[in-house]
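Structure data (PDB, C-alpha atoms) from my_file12.pdb:
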MODEL        1
ATOM      1  CA  MET A   1     -60.941 -28.781 -68.556
ATOM      2  CA  PHE A   2     -57.589 -30.567 -68.633
ATOM      3  CA  LYS A   3     -57.383 -33.400 -66.092
ATOM      4  CA  ASN A   4     -54.104 -34.972 -67.179
ATOM      5  CA  ILE A   5     -51.235 -32.760 -68.280
ATOM      6  CA  GLY A   6     -47.924 -34.002 -69.638
ATOM      7  CA  ILE A   7     -44.671 -32.056 -69.566
ATOM      8  CA  ILE A   8     -41.742 -32.242 -71.966
ATOM      9  CA  ALA A   9     -38.756 -30.016 -71.273
ATOM     10  CA  LYS A  10     -35.461 -29.296 -72.977
ATOM     11  CA  GLN A  11     -32.681 -31.213 -71.287
ATOM     12  CA  ASN A  12     -29.517 -29.959 -69.569
ATOM     13  CA  SER A  13     -30.647 -26.402 -68.981
ATOM     14  CA  LYS A  14     -30.752 -24.749 -65.544
ATOM     15  CA  LYS A  15     -33.174 -22.133 -66.851
ATOM     16  CA  VAL A  16     -35.544 -24.839 -68.074
ATOM     17  CA  SER A  17     -35.251 -26.826 -64.829
ATOM     18  CA  LYS A  18     -36.275 -23.765 -62.829
ATOM     19  CA  CYS A  19     -39.270 -23.130 -65.095
ATOM     20  CA  LEU A  20     -40.206 -26.817 -64.892
ATOM     21  CA  GLN A  21     -40.337 -26.707 -61.097
ATOM     22  CA  VAL A  22     -42.457 -23.546 -61.113
ATOM     23  CA  LEU A  23     -44.868 -25.183 -63.562
ATOM     24  CA  VAL A  24     -45.091 -28.405 -61.539
ATOM     25  CA  ASP A  25     -45.836 -26.475 -58.330
ATOM     26  CA  PHE A  26     -48.473 -24.414 -60.155
ATOM     27  CA  LEU A  27     -50.267 -27.533 -61.438
ATOM     28  CA  LEU A  28     -50.022 -29.504 -58.193
ATOM     29  CA  LYS A  29     -51.680 -26.668 -56.272
ATOM     30  CA  ARG A  30     -54.637 -27.092 -58.617
ATOM     31  CA  GLN A  31     -54.713 -30.871 -58.078
ATOM     32  CA  ILE A  32     -53.987 -31.658 -61.711
ATOM     33  CA  ASN A  33     -52.476 -35.041 -62.521
ATOM     34  CA  ILE A  34     -49.008 -34.524 -64.014
ATOM     35  CA  LEU A  35     -47.037 -36.926 -66.189
ATOM     36  CA  ILE A  36     -43.393 -36.230 -67.024
ATOM     37  CA  ASP A  37     -41.574 -37.303 -70.166
ATOM     38  CA  ALA A  38     -38.930 -39.951 -69.488
ATOM     39  CA  SER A  39     -36.195 -37.678 -70.862
ATOM     40  CA  ASN A  40     -36.817 -35.341 -67.912
ATOM     41  CA  ALA A  41     -36.848 -38.021 -65.206
ATOM     42  CA  THR A  42     -33.828 -36.544 -63.411
ATOM     43  CA  ASP A  43     -35.235 -33.005 -63.443
ATOM     44  CA  THR A  44     -38.127 -33.640 -61.059
ATOM     45  CA  GLU A  45     -39.095 -35.686 -58.010
ATOM     46  CA  LEU A  46     -42.423 -36.704 -59.537
ATOM     47  CA  SER A  47     -42.924 -40.436 -59.993
ATOM     48  CA  ASN A  48     -45.271 -40.336 -63.000
ATOM     49  CA  ILE A  49     -42.529 -40.869 -65.585
ATOM     50  CA  VAL A  50     -43.688 -42.171 -68.986
ATOM     51  CA  THR A  51     -42.518 -42.253 -72.588
ATOM     52  CA  THR A  52     -43.405 -39.468 -75.013
ATOM     53  CA  VAL A  53     -45.886 -41.703 -76.829
ATOM     54  CA  GLU A  54     -47.584 -42.567 -73.511
ATOM     55  CA  LEU A  55     -47.884 -38.867 -72.789
ATOM     56  CA  GLY A  56     -49.845 -38.498 -75.996
ATOM     57  CA  GLN A  57     -52.087 -41.428 -75.144
ATOM     58  CA  ARG A  58     -52.824 -40.474 -71.538
ATOM     59  CA  CYS A  59     -52.832 -36.665 -71.490
ATOM     60  CA  ASP A  60     -55.328 -34.013 -72.589
ATOM     61  CA  LEU A  61     -52.633 -31.349 -72.853
ATOM     62  CA  ILE A  62     -48.861 -31.476 -73.178
ATOM     63  CA  ILE A  63     -46.808 -28.454 -72.156
ATOM     64  CA  VAL A  64     -43.441 -28.120 -73.865
ATOM     65  CA  ILE A  65     -40.737 -26.069 -72.121
ATOM     66  CA  GLY A  66     -37.829 -24.938 -74.288
ATOM     67  CA  GLY A  67     -37.475 -23.517 -77.769
ATOM     68  CA  ASP A  68     -39.105 -24.285 -81.089
ATOM     69  CA  GLY A  69     -36.737 -27.230 -81.572
ATOM     70  CA  THR A  70     -38.113 -28.927 -78.471
ATOM     71  CA  LEU A  71     -41.676 -28.445 -79.682
ATOM     72  CA  LEU A  72     -40.798 -29.660 -83.188
ATOM     73  CA  LYS A  73     -39.468 -32.894 -81.712
ATOM     74  CA  ALA A  74     -42.595 -33.329 -79.585
ATOM     75  CA  ALA A  75     -44.827 -32.701 -82.608
ATOM     76  CA  ARG A  76     -43.044 -35.352 -84.697
ATOM     77  CA  LEU A  77     -43.344 -37.936 -81.927
ATOM     78  CA  LEU A  78     -46.970 -37.092 -81.089
ATOM     79  CA  ALA A  79     -48.368 -36.712 -84.593
ATOM     80  CA  GLU A  80     -50.306 -39.959 -84.233
ATOM     81  CA  GLU A  81     -52.010 -38.822 -81.010
ATOM     82  CA  ASN A  82     -54.982 -36.497 -80.520
ATOM     83  CA  VAL A  83     -53.478 -34.115 -77.996
ATOM     84  CA  TYR A  84     -53.054 -30.366 -77.527
ATOM     85  CA  LEU A  85     -49.566 -28.837 -77.382
ATOM     86  CA  LEU A  86     -48.692 -25.632 -75.524
ATOM     87  CA  GLY A  87     -45.193 -24.144 -75.719
ATOM     88  CA  ILE A  88     -43.363 -22.104 -73.071
ATOM     89  CA  ASN A  89     -40.576 -20.247 -74.837
ATOM     90  CA  LEU A  90     -37.099 -20.447 -73.321
ATOM     91  CA  GLY A  91     -35.359 -20.460 -76.687
ATOM     92  CA  ARG A  92     -34.452 -17.670 -79.099
ATOM     93  CA  LEU A  93     -37.194 -16.900 -81.628
ATOM     94  CA  GLY A  94     -40.208 -18.791 -80.360
ATOM     95  CA  PHE A  95     -42.594 -18.825 -83.312
ATOM     96  CA  LEU A  96     -44.185 -22.009 -81.915
ATOM     97  CA  THR A  97     -43.424 -21.785 -78.195
ATOM     98  CA  ASP A  98     -45.032 -18.401 -77.729
ATOM     99  CA  LEU A  99     -45.885 -18.389 -74.001
ATOM    100  CA  SER A 100     -43.422 -16.317 -71.990
ATOM    101  CA  PRO A 101     -42.165 -17.967 -68.759
ATOM    102  CA  THR A 102     -42.915 -14.726 -66.879
ATOM    103  CA  GLU A 103     -46.574 -14.952 -67.920
ATOM    104  CA  VAL A 104     -47.216 -18.627 -67.205
ATOM    105  CA  ASP A 105     -49.440 -18.018 -64.160
ATOM    106  CA  LYS A 106     -51.499 -15.352 -65.887
ATOM    107  CA  HIS A 107     -52.186 -17.225 -69.135
ATOM    108  CA  LEU A 108     -52.213 -20.788 -67.858
ATOM    109  CA  ILE A 109     -55.096 -20.115 -65.470
ATOM    110  CA  GLN A 110     -57.173 -18.898 -68.412
ATOM    111  CA  ILE A 111     -56.117 -21.846 -70.568
ATOM    112  CA  LEU A 112     -57.005 -24.339 -67.835
ATOM    113  CA  ASN A 113     -60.440 -22.717 -67.679
ATOM    114  CA  GLY A 114     -60.921 -23.267 -71.416
ATOM    115  CA  ALA A 115     -60.083 -19.765 -72.645
ATOM    116  CA  PHE A 116     -57.594 -20.289 -75.460
ATOM    117  CA  ILE A 117     -57.091 -20.265 -79.215
ATOM    118  CA  LYS A 118     -56.402 -23.559 -80.954
ATOM    119  CA  GLU A 119     -55.034 -24.157 -84.418
ATOM    120  CA  LYS A 120     -54.169 -27.211 -86.439
ATOM    121  CA  ARG A 121     -50.756 -27.502 -88.080
ATOM    122  CA  PHE A 122     -50.004 -30.284 -90.543
ATOM    123  CA  LEU A 123     -46.797 -32.254 -90.837
ATOM    124  CA  ILE A 124     -45.257 -33.671 -94.004
ATOM    125  CA  GLU A 125     -43.730 -37.088 -94.547
ATOM    126  CA  ALA A 126     -40.863 -38.122 -96.784
ATOM    127  CA  LYS A 127     -40.432 -41.677 -98.053
ATOM    128  CA  ILE A 128     -37.119 -42.580 -99.678
ATOM    129  CA  TYR A 129     -36.804 -45.263-102.344
ATOM    130  CA  ARG A 130     -33.673 -46.818-103.825
ATOM    131  CA  ASN A 131     -33.917 -49.058-106.909
ATOM    132  CA  GLU A 132     -37.713 -48.858-106.431
ATOM    133  CA  ASN A 133     -37.383 -50.419-102.964
ATOM    134  CA  PHE A 134     -38.530 -48.577 -99.854
ATOM    135  CA  LEU A 135     -35.520 -47.425 -97.835
ATOM    136  CA  SER A 136     -36.702 -45.213 -94.966
ATOM    137  CA  SER A 137     -39.133 -42.462 -93.961
ATOM    138  CA  CYS A 138     -39.396 -39.457 -91.670
ATOM    139  CA  ASN A 139     -41.849 -36.684 -90.849
ATOM    140  CA  ALA A 140     -41.469 -32.965 -90.166
ATOM    141  CA  LEU A 141     -43.506 -30.044 -88.883
ATOM    142  CA  ASN A 142     -41.214 -27.400 -90.406
ATOM    143  CA  ASP A 143     -39.490 -28.790 -93.463
ATOM    144  CA  ILE A 144     -37.894 -31.604 -95.406
ATOM    145  CA  ILE A 145     -34.569 -30.550 -96.934
ATOM    146  CA  ILE A 146     -32.557 -32.299 -99.642
ATOM    147  CA  TYR A 147     -29.060 -30.877 -99.897
ATOM    148  CA  ARG A 148     -25.536 -31.583-101.008
ATOM    149  CA  CYS A 149     -23.707 -33.063 -98.063
ATOM    150  CA  ASN A 150     -19.914 -32.895 -98.146
ATOM    151  CA  ILE A 151     -19.543 -32.781-101.908
ATOM    152  CA  PRO A 152     -17.839 -29.672-103.373
ATOM    153  CA  HIS A 153     -20.203 -29.318-106.340
ATOM    154  CA  MET A 154     -23.915 -28.682-106.769
ATOM    155  CA  LEU A 155     -26.678 -31.254-106.515
ATOM    156  CA  SER A 156     -28.603 -32.358-109.626
ATOM    157  CA  PHE A 157     -32.248 -33.313-109.112
ATOM    158  CA  GLU A 158     -35.630 -33.426-110.838
ATOM    159  CA  THR A 159     -38.948 -32.344-109.324
ATOM    160  CA  THR A 160     -42.378 -33.752-110.178
ATOM    161  CA  ILE A 161     -45.695 -32.588-108.684
ATOM    162  CA  ASP A 162     -48.794 -34.792-108.945
ATOM    163  CA  GLY A 163     -47.196 -36.659-111.841
ATOM    164  CA  HIS A 164     -46.345 -33.469-113.749
ATOM    165  CA  PHE A 165     -42.678 -32.806-114.467
ATOM    166  CA  VAL A 166     -41.713 -29.375-113.082
ATOM    167  CA  ASN A 167     -37.997 -28.913-113.650
ATOM    168  CA  ARG A 168     -34.490 -30.275-113.523
ATOM    169  CA  GLN A 169     -32.127 -28.230-111.392
ATOM    170  CA  ARG A 170     -28.565 -27.862-110.245
ATOM    171  CA  ALA A 171     -28.373 -26.228-106.828
ATOM    172  CA  ASP A 172     -27.135 -26.658-103.276
ATOM    173  CA  GLY A 173     -30.460 -28.227-102.385
ATOM    174  CA  LEU A 174     -34.238 -27.959-102.098
ATOM    175  CA  ILE A 175     -36.413 -27.000 -99.115
ATOM    176  CA  ILE A 176     -39.950 -28.402 -98.965
ATOM    177  CA  SER A 177     -41.673 -26.402 -96.252
ATOM    178  CA  THR A 178     -45.038 -26.375 -94.523
ATOM    179  CA  PRO A 179     -46.658 -23.034 -93.644
ATOM    180  CA  THR A 180     -45.285 -23.551 -90.135
ATOM    181  CA  GLY A 181     -41.773 -23.866 -91.544
ATOM    182  CA  SER A 182     -42.100 -20.845 -93.817
ATOM    183  CA  THR A 183     -40.551 -18.681 -91.079
ATOM    184  CA  ALA A 184     -37.598 -21.058 -90.647
ATOM    185  CA  TYR A 185     -34.902 -22.088 -93.153
ATOM    186  CA  ALA A 186     -37.219 -21.398 -96.101
ATOM    187  CA  LEU A 187     -37.431 -17.738 -95.069
ATOM    188  CA  SER A 188     -33.637 -17.488 -94.787
ATOM    189  CA  ALA A 189     -33.351 -18.921 -98.307
ATOM    190  CA  GLY A 190     -35.674 -16.263 -99.746
ATOM    191  CA  GLY A 191     -39.053 -17.983 -99.465
ATOM    192  CA  PRO A 192     -42.382 -16.304 -98.662
ATOM    193  CA  ILE A 193     -44.066 -16.209 -95.263
ATOM    194  CA  ILE A 194     -47.199 -18.368 -95.426
ATOM    195  CA  HIS A 195     -50.017 -17.962 -92.903
ATOM    196  CA  PRO A 196     -50.171 -21.162 -90.809
ATOM    197  CA  SER A 197     -53.858 -21.702 -91.571
ATOM    198  CA  LEU A 198     -53.244 -22.154 -95.315
ATOM    199  CA  ASN A 199     -53.209 -25.556 -96.968
ATOM    200  CA  ALA A 200     -50.014 -25.055 -98.926
ATOM    201  CA  LEU A 201     -46.447 -26.239 -99.398
ATOM    202  CA  VAL A 202     -43.480 -24.063-100.312
ATOM    203  CA  LEU A 203     -40.588 -25.207-102.508
ATOM    204  CA  VAL A 204     -37.474 -23.076-102.100
ATOM    205  CA  THR A 205     -34.301 -23.913-104.013
ATOM    206  CA  ILE A 206     -31.044 -23.319-102.136
ATOM    207  CA  CYS A 207     -28.531 -21.324-104.221
ATOM    208  CA  PRO A 208     -29.869 -22.390-107.649
ATOM    209  CA  HIS A 209     -27.584 -22.224-110.687
ATOM    210  CA  THR A 210     -30.046 -20.023-112.577
ATOM    211  CA  LEU A 211     -31.267 -16.464-112.159
ATOM    212  CA  SER A 212     -34.851 -17.347-113.136
ATOM    213  CA  ASN A 213     -35.493 -19.683-110.205
ATOM    214  CA  ARG A 214     -38.144 -18.509-107.743
ATOM    215  CA  PRO A 215     -39.883 -20.086-104.725
ATOM    216  CA  LEU A 216     -42.965 -22.086-105.661
ATOM    217  CA  VAL A 217     -46.149 -22.290-103.565
ATOM    218  CA  ILE A 218     -48.291 -25.346-104.287
ATOM    219  CA  ASP A 219     -51.438 -26.997-102.962
ATOM    220  CA  GLY A 220     -50.907 -28.670 -99.607
ATOM    221  CA  ASN A 221     -52.469 -31.913-100.833
ATOM    222  CA  SER A 222     -49.930 -32.267-103.645
ATOM    223  CA  ASN A 223     -47.795 -35.373-104.042
ATOM    224  CA  LEU A 224     -44.239 -34.277-104.593
ATOM    225  CA  GLN A 225     -41.421 -36.407-105.993
ATOM    226  CA  VAL A 226     -37.749 -35.428-106.045
ATOM    227  CA  ALA A 227     -35.295 -37.674-107.878
ATOM    228  CA  ILE A 228     -31.512 -37.462-107.558
ATOM    229  CA  CYS A 229     -30.184 -37.456-111.125
ATOM    230  CA  ASP A 230     -28.236 -40.468-112.359
ATOM    231  CA  GLU A 231     -25.167 -38.423-113.243
ATOM    232  CA  GLN A 232     -24.898 -37.115-109.685
ATOM    233  CA  ILE A 233     -21.444 -37.781-108.255
ATOM    234  CA  GLY A 234     -21.118 -38.082-104.495
ATOM    235  CA  LYS A 235     -23.720 -38.362-101.760
ATOM    236  CA  ALA A 236     -26.470 -35.998-100.714
ATOM    237  CA  GLN A 237     -28.463 -35.805 -97.489
ATOM    238  CA  LEU A 238     -32.117 -35.564 -96.470
ATOM    239  CA  SER A 239     -33.059 -33.882 -93.206
ATOM    240  CA  ASN A 240     -36.320 -33.428 -91.331
ATOM    241  CA  ASP A 241     -36.644 -30.321 -89.149
ATOM    242  CA  GLY A 242     -32.884 -29.928 -89.214
ATOM    243  CA  LEU A 243     -32.084 -33.528 -88.242
ATOM    244  CA  SER A 244     -30.195 -35.848 -90.589
ATOM    245  CA  CYS A 245     -32.554 -38.564 -91.735
ATOM    246  CA  GLN A 246     -31.127 -40.381 -94.765
ATOM    247  CA  GLU A 247     -28.037 -40.326 -96.957
ATOM    248  CA  LEU A 248     -28.930 -40.103-100.642
ATOM    249  CA  ILE A 249     -27.132 -41.359-103.731
ATOM    250  CA  SER A 250     -27.616 -41.134-107.482
ATOM    251  CA  GLY A 251     -30.979 -42.577-108.562
ATOM    252  CA  ASP A 252     -32.727 -42.235-105.188
ATOM    253  CA  SER A 253     -36.323 -41.013-105.250
ATOM    254  CA  ILE A 254     -38.078 -39.103-102.467
ATOM    255  CA  LEU A 255     -41.864 -38.927-102.187
ATOM    256  CA  ILE A 256     -43.208 -36.112-100.005
ATOM    257  CA  LYS A 257     -46.803 -35.406 -99.020
ATOM    258  CA  LYS A 258     -48.981 -34.141 -96.185
ATOM    259  CA  HIS A 259     -48.899 -36.351 -93.095
ATOM    260  CA  LYS A 260     -50.758 -36.010 -89.760
ATOM    261  CA  HIS A 261     -51.910 -32.922 -87.851
ATOM    262  CA  ILE A 262     -51.040 -31.589 -84.429
ATOM    263  CA  THR A 263     -53.043 -29.002 -82.483
ATOM    264  CA  LEU A 264     -51.306 -26.019 -80.924
ATOM    265  CA  ILE A 265     -53.046 -23.878 -78.340
ATOM    266  CA  HIS A 266     -52.282 -20.246 -77.565
ATOM    267  CA  PRO A 267     -53.458 -17.649 -75.045
ATOM    268  CA  GLN A 268     -56.437 -15.624 -76.241
ATOM    269  CA  THR A 269     -54.119 -12.637 -76.690
ATOM    270  CA  HIS A 270     -52.147 -14.509 -79.368
ATOM    271  CA  ASP A 271     -51.718 -12.532 -82.592
ATOM    272  CA  HIS A 272     -49.803 -14.121 -85.482
ATOM    273  CA  TYR A 273     -48.867 -10.777 -87.011
ATOM    274  CA  ALA A 274     -47.702  -9.379 -83.686
ATOM    275  CA  THR A 275     -45.461 -12.422 -83.388
ATOM    276  CA  LEU A 276     -44.004 -11.745 -86.833
ATOM    277  CA  ARG A 277     -43.391  -8.098 -85.920
ATOM    278  CA  ALA A 278     -41.629  -9.020 -82.688
ATOM    279  CA  LYS A 279     -39.562 -11.944 -83.950
ATOM    280  CA  LEU A 280     -38.535 -10.417 -87.286
ATOM    281  CA  ALA A 281     -37.966  -6.909 -85.889
ATOM    282  CA  TRP A 282     -40.482  -5.220 -88.179
ATOM    283  CA  SER A 283     -41.030  -1.542 -87.417
TER     284      SER A 283
ENDMDL
END
Show me, as structure tokens, the structure contained in the file I just sent.
Amino acid sequence: MFKNIGIIAKQNSKKVSKCLQVLVDFLLKRQINILIDASNATDTELSNIVTTVELGQRCDLIIVIGGDGTLLKAARLLAEENVYLLGINLGRLGFLTDLSPTEVDKHLIQILNGAFIKEKRFLIEAKIYRNENFLSSCNALNDIIIYRCNIPHMLSFETTIDGHFVNRQRADGLIISTPTGSTAYALSAGGPIIHPSLNALVLVTICPHTLSNRPLVIDGNSNLQVAICDEQIGKAQLSNDGLSCQELISGDSILIKKHKHITLIHPQTHDHYATLRAKLAWS
């Protein structure tokens, strides 16, 4: 079913390098054309080295070896391409990279024969404006976070959804999460777990200066605007999937909405609730 398979692996890891070689040998025995991401050029003797974007353009399936962070990066870079992503988990939690390296042979044969579960996950995009002029943008599969950077006091900001004023807050920050990201930072900050199939966004305030503040679940097609209040002293920061994206100052406005989709594939034995039980140590 898959004629061209791309591989992206976490860098500088002996454990990943070993898994990469096992995967390459497995695919070569089945005469599958393999393309390797340029970041892993030194980890293999294969000559088909291409950029991440070229992987998305030339491959039917891309296998990501590492943790969720490695897959998040691949998803952001490949959001414009129509390609399947499969994750082999060599990280810690592995909500996204759910294929165990000890079960690669067993499950990958089935997947190559077309026996798998696929699901779409949407990304969100943030566009930052300063003095009504476009400044920068970034996308995220997990979350966009606006937070106080190195200032000792709380951040002041206003939130508007689809043109409707919601609130004005003082807090350490605000997490805007997709359903995929609801088991990441948003969960640690007290947010709900959202099933990945739902079309929803979660707003979770970080350490709000009010006891009445609660996480807010909104329609996934909503247009969200967060404005840094004019009286804000000091700089704030915007991050996408845990990566610093843009420094923010008083008066900056951030527009956030649904972006592209990526398609994850899982073995047919995949069970979302079993994953939650295992990763969150539920009894």
Q) So, counting all atoms listed in the file, which residue among A:Thr263, A:Gln31, A:Thr51, A:Thr42 is closest to Arg121 (chain A)? A)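 Of A:Thr263, A:Gln31, A:Thr51, A:Thr42, the one nearest Arg121 (chain A), counting all atoms listed in the file, is A:Thr263.
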**Q.** Residue contacts of region 148-155 of chain A (8 Å, all atoms listed in the file) excluding same-chain residues fewer than 4 positions away, as a list in words
**A.**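 The neighbour list is Gln169, Arg170, Ala171, Asp172, Gly173, Ile228, Gln232, Gly234, Lys235, Ala236 and Gln237 of chain A.
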Residues of region 52-86 of chain A that have any atom at most 12 Å from an atom of region 122-125 of chain A: could you tabulate them with the shortest-distance atom pair and the distance in Å to one decimal, using only C-alpha atoms, ordered by chain and increasing number, as CSV?
residue,atom,partner,partner_atom,distance
A:Leu72,CA,A:Leu123,CA,10.1
A:Lys73,CA,A:Leu123,CA,11.7
A:Ala75,CA,A:Leu123,CA,8.5
A:Arg76,CA,A:Leu123,CA,7.8
A:Leu77,CA,A:Leu123,CA,11.1
A:Leu78,CA,A:Leu123,CA,10.9
A:Ala79,CA,A:Leu123,CA,7.8
A:Glu80,CA,A:Leu123,CA,10.7
Which residues of region 200-266 of chain A have any atom within 12 Å of an atom in region 105-116 of chain A when counting all atoms listed in the file, and what is the closest pair of atoms for each, with the distance in Å to one decimal? Order the rows by chain and rising number and write it as a tab-separated table.
residue	atom	partner	partner_atom	distance
A:Leu264	CA	A:Phe116	CA	10.1
A:Ile265	CA	A:Phe116	CA	6.5
A:His266	CA	A:Phe116	CA	5.7
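Between Gln268 (chain A) and the residues A:Ser177, A:Leu99, A:Arg168, A:Gly163, the shortest atom-to-atom distance, using only C-alpha atoms, involves A:Leu99.
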Q) So which residues get picked by the PyMOL selection byres ((chain A and resi 57) around 9) here, written as a VMD selection string? A) chain A and resid 52 to 56 58 to 60 78 81 to 83
Q) If we count only C-alpha atoms, what is near Leu71 (chain A) at a cut-off of 9 Å, once residues fewer than 4 positions away on the same chain are taken out, given as a PyMOL selection string? A) chain A and resi 8+64-67+75-76+85-87+96-97
Write out as lines of an AutoDock Vina configuration file an axis-aligned box for region 235-241 of chain A: all of its atoms listed in the file, 4 Å added on each side, centre and edge lengths in Å with one decimal.
center_x = -30.2
center_y = -34.3
center_z = -95.5
size_x = 20.9
size_y = 16.0
size_z = 20.6
**Q.** Atomic distance CA of Asp98 (chain A) - CA of Asp241 (chain A), expressed in Å with one decimal
**A.**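 Atom-to-atom, CA of Asp98 (chain A) to CA of Asp241 (chain A), that is 18.5 Å.
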Q. Suppose you want the space between CA of Leu61 (chain A) and CA of Asn142 (chain A); what is it in Å?
A.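 Answer for the CA of Leu61 (chain A) to CA of Asn142 (chain A) separation: 21.3 Å.
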Q.
I'd like the contact shell of Pro215 (chain A) - 12 Å cut-off, all atoms listed in the file, skipping same-chain residues fewer than 5 positions apart - returned as a list in words.
A.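 Neighbouring residues, sequence-local ones excluded: Leu174, Ile175, Ile176, Ser177, Ser182, Ala186, Leu187, Ala189, Gly190, Gly191, Pro192, Ile193, Ile194, Leu201, Val202, Leu203, Val204, Thr205, Ile206, Cys207 and Pro208 of chain A.
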Expected file: the selected residues, C-alpha atoms, as a PDB file, in the coordinates of the input:
ATOM      1  CA  LEU A 174     -34.238 -27.959-102.098  1.00  0.00           C
ATOM      2  CA  ILE A 175     -36.413 -27.000 -99.115  1.00  0.00           C
ATOM      3  CA  ILE A 176     -39.950 -28.402 -98.965  1.00  0.00           C
ATOM      4  CA  SER A 177     -41.673 -26.402 -96.252  1.00  0.00           C
ATOM      5  CA  SER A 182     -42.100 -20.845 -93.817  1.00  0.00           C
ATOM      6  CA  ALA A 186     -37.219 -21.398 -96.101  1.00  0.00           C
ATOM      7  CA  LEU A 187     -37.431 -17.738 -95.069  1.00  0.00           C
ATOM      8  CA  ALA A 189     -33.351 -18.921 -98.307  1.00  0.00           C
ATOM      9  CA  GLY A 190     -35.674 -16.263 -99.746  1.00  0.00           C
ATOM     10  CA  GLY A 191     -39.053 -17.983 -99.465  1.00  0.00           C
ATOM     11  CA  PRO A 192     -42.382 -16.304 -98.662  1.00  0.00           C
ATOM     12  CA  ILE A 193     -44.066 -16.209 -95.263  1.00  0.00           C
ATOM     13  CA  ILE A 194     -47.199 -18.368 -95.426  1.00  0.00           C
ATOM     14  CA  LEU A 201     -46.447 -26.239 -99.398  1.00  0.00           C
ATOM     15  CA  VAL A 202     -43.480 -24.063-100.312  1.00  0.00           C
ATOM     16  CA  LEU A 203     -40.588 -25.207-102.508  1.00  0.00           C
ATOM     17  CA  VAL A 204     -37.474 -23.076-102.100  1.00  0.00           C
ATOM     18  CA  THR A 205     -34.301 -23.913-104.013  1.00  0.00           C
ATOM     19  CA  ILE A 206     -31.044 -23.319-102.136  1.00  0.00           C
ATOM     20  CA  CYS A 207     -28.531 -21.324-104.221  1.00  0.00           C
ATOM     21  CA  PRO A 208     -29.869 -22.390-107.649  1.00  0.00           C
TER      22      PRO A 208
END
